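Take a look at the structure set out below.
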Amino acid sequence: MSTPEPVLAGPGILLVLDGWGSAEAADDNALSLARTPVLDELVAHHPSTLAAASGEAVGLLPGTVGNSEIGHMVIGAGRPLPYDSLLVQQAIDSGLLRTHPRLDALLEGIAGRAGALHLIGLCSDGQIHAHVEHLSELLAAAATHQVKRVFIHAITDGRDVADHTGEAYLTRVAELAAEAGAGRIATVIGRGYAMDKAGDLELTEHAVALIADGRGAQAESAHSAVTSGERGDEWVPASVVTEAGRASIADGDAVLWFNFRSDRIQQFADGLSEHLKATGRTVNMVSLAQYDTRTEIPALVERADASGGLADELQEAGLRSVRIAETEKFEHVTYYINGRDATVRECEEHVRVRGEVKADYIARPRMNLDRVSEAVVEAAGRTDVDLVIANLANIDVVGHTGDLSATVTACEATDAAVDRILQAARNSSRWVLVVGDHGNAERMTKQAPDGSVRPYGGHTTNPVPLVIVPNRTDTPSPTLPATATLADVAPTVLHLLGHKPGSAMTGRPLL
């Protein structure tokens with residue numbers, strides 16, 4: 001067992017273990033079931049604490065589970081950031097959303113043309129990408145403007161919420177439509193098709209063809225569409241609900257996307273926009289929150305300012321960083337940790353590790369972890385690199401499958417990769433800050449609305465471990481505070497690099 005090492009300023013590694021949450025050992029805790037001697041030793045014998053990664057600590061509504069997007073944003077910003085879901089809820093509570101000039105213009109225009117309004121989004125209450133209750137406000141606004149034809153294109157979840165709960169959420173959608181006096185479910189498709197972010201355009205084409213042109217299996221009702229699938233809610237096949245009548249998008253219609261998070265819906269939004277344009281249909285399109293699409297889609301709720309964070313401070317100080325992750329999490333160590341800024345700064349290098357074969361997270365829970373850790377080791381050995389920022393995605397990405405056995409394997413593979421990275425850090429006299437971005441694998445079951453306990457691949461509200469492995473052994477080991485938040489990561493990283501935190505940061509250095 002190694003001796004705890006004190007921290008001295010110098011180059012380092014910021015290592016984010018995606019989905020690494022902290023909870024008591026249990027039969028559904030993949031992390032406690034896995035053999036992870038390196039992670040166990042880190043927490044037990046190096047300066048460590050637990051960091052809040054959910055709810056108000058990171059800018060979410062109280063009790064809301066954390067997620068990779070807000071986790072990396074707060075890690076980078078050094079302060080909690082009002083997340084899009086919080087800003088949307090505030091706009092609803094204040095009444096500003098229903099009377100938003102952009103929404104008024106959209107609805108007045110479609111009502112005047114007797115066209116159709118198409119509402120597209122994820123129908124669950126996972127609070128990661130969308131919240132089904134936001135539909136209530138949008139449907140009420142449509143009813144107020146007397147929009148007669150309102151079609152809801154429902155994306156089923158099974159990932160941010162327990163699988164096989166799609167029927168219950170579609171029942172809630174129907175209730176909201178009845179309460180508002182507007183709207184009917186016109187199509188149903190699983191998020192595996194509609195919210196792919198790995199660049200698999202064949203999946204996205206299923207969703208585009210369904211909603212734009214009405215191409216899909218015929219289902220008598222929304223419920224029968226969900227129950228016809230054999231792969232769970234995430235992979236409900238493209239289905240046209242016949243009882244809603246023909247609901248494909250016509251020239252002059254309007255589209256309102258109601259996911260508040262951009263990254264998993266933008267590929268679909270671009271695909272649909274470009275298909276409609278290519279087929280000669282002019283459609284007025286608006287999103288509930290701001291999207292990072294090629295197509296310009298005006299938003300009803302703007303984003304919080306995330307400038308002045310870690311990336312800006314590194315640039316100002318002339319400190320070179322290398323960002324490393326697999327495709328699934330590459331944007332998180334670049335775009336999101338940089339405050340949703342796509343600019344590649346002069347002092348940054350980006351290393352995207354692409355898979356050589358089609359992803360199958362249950363069959364291949366190691367993913368491309370060997371190549372990611374190899375890239376981290378290579379960057380750590382360079383004398384011109386001040387900071388390596390890397391994301392090890394396996395615990396979260398495989399955890400999302402809900403497959404406990406595969407997730408245990410992913411945890412063990414991550415443990416071995418961390419061991420390799422720590423050895424490289426010792427060889428190059430680098431400190432290492434290891435932290436989770438949100439919880440996931442430490443809870444792999446959840447009670448469904450009917451009371452049954454089902455496999456769960458979603459996130460949690462649990463805190464995440466934060467550990468500092470110092471770069472020297474010849475001075476006393478530091479002690480970390482008993483509690484922390486993700487907002488403390490950037491100030492601590494800058495302190496370890498020998499620089500003061502930026503003035504925009506409200507987090508504290510933990511040393």
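Numbering starts fresh at 1 for the residues of each chain in the structure tokens, the chains themselves are lettered A, B, ... in the order given, and ligands are numbered from 1 as they appear.
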
For this session: Tell me which protein, DNA and RNA residues are within 8 Å of A:Asp415, counting only C-alpha atoms, leaving out same-chain ones fewer than 4 positions away, and put them as a list in words.
Result: Thr36, Pro37, Val38, Leu39, Cys411 and Asp419 of chain A

Exercise. Neighbours of stretch 43-55 of chain A within 6 Å (only C-alpha atoms; same-chain residues fewer than 4 positions away dropped), as a PyMOL selection string?
Worked result: chain A and resi 4+60-66+438+461+463-468+479-480+482-486

Keeping only C-alpha atoms, write the selected residues as a PDB file, in the first residue's frame.
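Result went into result_13.pdb, see below:
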ATOM      1  CA  PRO A   4      -0.169   9.233   1.141  1.00  0.00           C
ATOM      2  CA  LEU A  60     -30.404  22.199 -10.689  1.00  0.00           C
ATOM      3  CA  LEU A  61     -33.800  22.122  -9.031  1.00  0.00           C
ATOM      4  CA  PRO A  62     -33.709  20.696  -5.470  1.00  0.00           C
ATOM      5  CA  GLY A  63     -33.583  16.916  -5.467  1.00  0.00           C
ATOM      6  CA  THR A  64     -32.744  16.660  -9.178  1.00  0.00           C
ATOM      7  CA  VAL A  65     -30.185  14.048 -10.183  1.00  0.00           C
ATOM      8  CA  GLY A  66     -26.906  15.247 -11.618  1.00  0.00           C
ATOM      9  CA  HIS A 438     -22.584  12.419 -11.002  1.00  0.00           C
ATOM     10  CA  THR A 461     -28.518  12.311  -6.337  1.00  0.00           C
ATOM     11  CA  PRO A 463     -22.397  12.612  -3.872  1.00  0.00           C
ATOM     12  CA  VAL A 464     -19.278  11.661  -5.798  1.00  0.00           C
ATOM     13  CA  PRO A 465     -15.808  10.847  -4.501  1.00  0.00           C
ATOM     14  CA  LEU A 466     -13.107  13.472  -4.961  1.00  0.00           C
ATOM     15  CA  VAL A 467      -9.522  12.348  -4.364  1.00  0.00           C
ATOM     16  CA  ILE A 468      -6.201  14.131  -4.740  1.00  0.00           C
ATOM     17  CA  THR A 479      -6.384  17.097   4.554  1.00  0.00           C
ATOM     18  CA  LEU A 480      -9.475  17.931   2.518  1.00  0.00           C
ATOM     19  CA  ALA A 482     -15.382  16.956   4.956  1.00  0.00           C
ATOM     20  CA  THR A 483     -17.714  18.270   2.257  1.00  0.00           C
ATOM     21  CA  ALA A 484     -17.269  19.818  -1.168  1.00  0.00           C
ATOM     22  CA  THR A 485     -19.097  20.411  -4.453  1.00  0.00           C
ATOM     23  CA  LEU A 486     -18.127  20.093  -8.098  1.00  0.00           C
TER      24      LEU A 486
END

For this session: Would you mind telling me which residue in A:Leu170, A:Thr156, A:Pro476, A:Ile211 lies nearest to A:Arg191 when using only C-alpha atoms?
Result: A:Thr156

Exercise. So what do you get for atom CA of A:Gly78 versus atom CA of A:Gly309, distance-wise?
Worked result: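 Taking atom CA of A:Gly78 and atom CA of A:Gly309, their separation equals 6.1 Å.
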
For this session: Report the distance between atom CA of A:Gln267 and atom CA of A:Lys197 in Å, rounded to one decimal place.
Result: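 Atom CA of A:Gln267 sits 6.7 Å away from atom CA of A:Lys197.
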
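Using only C-alpha atoms, the shortest contact distance between A:Pro365 and any of A:Asp386, A:Leu433, A:Arg352, A:Ala410 is found at A:Ala410.
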
Exercise. What gap, in Å, lies between atom CA of A:Gly308 and atom CA of A:Ala380?
Worked result: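 Calculated distance between atom CA of A:Gly308 and atom CA of A:Ala380 is 25.7 Å.
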
Exercise. Which of these residues is nearest to A:Ala417, using only C-alpha atoms: A:Ala162, A:Ala198, A:Leu17, A:Gly192?
Worked result: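 For A:Ala417, the nearest of the given residues is A:Leu17.
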
Exercise. Counting only C-alpha atoms, what is within 7 Å of A:Gly458, bar same-chain residues fewer than 4 positions away, as a list of chain:residue names?
Worked result: A:Arg159, A:Asp160, A:Val161, A:His400, A:Asn440

For this session: DSSP on the backbone, then: every residue of stretch 447-489 of chain A marked strand (DSSP E or B), written as a PyMOL selection string.
Result: chain A and resi 447+453-455+460+464-469+483-485

Export, as an mmCIF file, in the first residue's frame, the selected residues with C-alpha atoms.
data_model
loop_
_atom_site.group_PDB
_atom_site.id
_atom_site.type_symbol
_atom_site.label_atom_id
_atom_site.label_comp_id
_atom_site.auth_asym_id
_atom_site.auth_seq_id
_atom_site.Cartn_x
_atom_site.Cartn_y
_atom_site.Cartn_z
ATOM 1 C CA GLN A 447 -38.998 1.406 -7.922
ATOM 2 C CA VAL A 453 -38.309 -2.850 -8.506
ATOM 3 C CA ARG A 454 -36.763 -2.761 -11.954
ATOM 4 C CA PRO A 455 -33.315 -2.404 -13.496
ATOM 5 C CA THR A 460 -28.658 9.508 -8.880
ATOM 6 C CA VAL A 464 -19.278 11.661 -5.798
ATOM 7 C CA PRO A 465 -15.808 10.847 -4.501
ATOM 8 C CA LEU A 466 -13.107 13.472 -4.961
ATOM 9 C CA VAL A 467 -9.522 12.348 -4.364
ATOM 10 C CA ILE A 468 -6.201 14.131 -4.740
ATOM 11 C CA VAL A 469 -3.098 12.043 -5.304
ATOM 12 C CA THR A 483 -17.714 18.270 2.257
ATOM 13 C CA ALA A 484 -17.269 19.818 -1.168
ATOM 14 C CA THR A 485 -19.097 20.411 -4.453
#

Restrict the calculation to only C-alpha atoms, then for each residue of stretch 194-241 of chain A with any atom at most 12 Å from an atom of stretch 121-137 of chain A give the closest atom pair and their distance in Å to one decimal, rows by chain and rising residue number, as a Markdown table.
| residue | atom | partner | partner_atom | distance |
| --- | --- | --- | --- | --- |
| A:Ala194 | CA | A:Leu122 | CA | 9.0 |
| A:Met195 | CA | A:Leu122 | CA | 8.9 |
| A:Ala207 | CA | A:Gly121 | CA | 11.5 |
| A:Ile211 | CA | A:Gly121 | CA | 11.6 |
| A:Asp233 | CA | A:Cys123 | CA | 10.7 |
| A:Glu234 | CA | A:Leu122 | CA | 10.6 |

How would the residues just chosen look if you wrote them out with N, CA and C atoms as a short mmCIF file (atom, residue, chain, number, x, y, z; two decimals), in the first residue's frame?
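To be explicit, this is the file written out as part.cif:
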data_model
loop_
_atom_site.label_atom_id
_atom_site.label_comp_id
_atom_site.auth_asym_id
_atom_site.auth_seq_id
_atom_site.Cartn_x
_atom_site.Cartn_y
_atom_site.Cartn_z
N ALA A 194 -34.11 8.41 -31.70
CA ALA A 194 -34.32 9.85 -31.80
C ALA A 194 -33.26 10.67 -31.08
N MET A 195 -32.51 10.07 -30.17
CA MET A 195 -31.56 10.85 -29.38
C MET A 195 -30.16 10.24 -29.41
N ALA A 207 -36.25 8.30 -37.03
CA ALA A 207 -37.05 9.34 -36.39
C ALA A 207 -37.47 10.41 -37.38
N ILE A 211 -41.53 11.30 -38.28
CA ILE A 211 -42.21 12.55 -37.94
C ILE A 211 -42.43 13.43 -39.17
N ASP A 233 -38.13 0.48 -23.57
CA ASP A 233 -38.58 1.82 -23.97
C ASP A 233 -37.56 2.55 -24.85
N GLU A 234 -36.27 2.31 -24.62
CA GLU A 234 -35.26 3.03 -25.37
C GLU A 234 -35.31 2.71 -26.86
#

Exercise. Taking the backbone alone, and naming residues the way the document does, which bits of stretch 25-70 of chain A are helix (DSSP H, G or I) by DSSP, as a ChimeraX atom specification?
Worked result: /A:30-33,37-45,55-58,68-70

Would you output that residue set with C-alpha atoms, as a PDB file, in the first residue's frame?
ATOM      1  CA  ALA A  30     -22.144  -2.221  -9.233  1.00  0.00           C
ATOM      2  CA  LEU A  31     -19.205  -0.328  -7.740  1.00  0.00           C
ATOM      3  CA  SER A  32     -19.303  -2.224  -4.442  1.00  0.00           C
ATOM      4  CA  LEU A  33     -19.838  -5.526  -6.232  1.00  0.00           C
ATOM      5  CA  PRO A  37      -8.613  -2.245  -5.357  1.00  0.00           C
ATOM      6  CA  VAL A  38      -7.140   0.918  -6.855  1.00  0.00           C
ATOM      7  CA  LEU A  39     -10.241   3.083  -6.365  1.00  0.00           C
ATOM      8  CA  ASP A  40     -10.710   1.639  -2.884  1.00  0.00           C
ATOM      9  CA  GLU A  41      -7.098   2.503  -1.991  1.00  0.00           C
ATOM     10  CA  LEU A  42      -7.478   6.009  -3.404  1.00  0.00           C
ATOM     11  CA  VAL A  43     -10.424   6.841  -1.189  1.00  0.00           C
ATOM     12  CA  ALA A  44      -8.998   5.152   1.892  1.00  0.00           C
ATOM     13  CA  HIS A  45      -5.396   6.364   1.813  1.00  0.00           C
ATOM     14  CA  GLY A  55     -29.598  19.580  -7.057  1.00  0.00           C
ATOM     15  CA  GLU A  56     -28.913  23.150  -6.024  1.00  0.00           C
ATOM     16  CA  ALA A  57     -25.190  22.469  -5.503  1.00  0.00           C
ATOM     17  CA  VAL A  58     -24.704  22.465  -9.277  1.00  0.00           C
ATOM     18  CA  SER A  68     -22.685  14.712 -17.283  1.00  0.00           C
ATOM     19  CA  GLU A  69     -23.447  17.999 -19.010  1.00  0.00           C
ATOM     20  CA  ILE A  70     -24.031  20.128 -15.907  1.00  0.00           C
TER      21      ILE A  70
END

Exercise. Could you name the residues that touch stretch 87-93 of chain A at 8 Å or less, counting only C-alpha atoms, but leaving out those on the same chain fewer than 3 positions away, as a PyMOL selection string?
Worked result: chain A and resi 82-84+96-98+137+260+288-289+301+303

Exercise. Which one is closest to A:Lys329: A:Ile362, A:Ile189, A:Val372, A:Leu256? Count only C-alpha atoms.
Worked result: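 Among the listed residues, the smallest separation from A:Lys329 belongs to A:Val372.
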
For this session: Find, counting only C-alpha atoms, the residue in A:Arg172, A:His223, A:Arg35, A:Arg264 that gets nearest to A:Tyr193.
Result: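 Using only C-alpha atoms, the shortest distance to A:Tyr193 belongs to A:Arg264.
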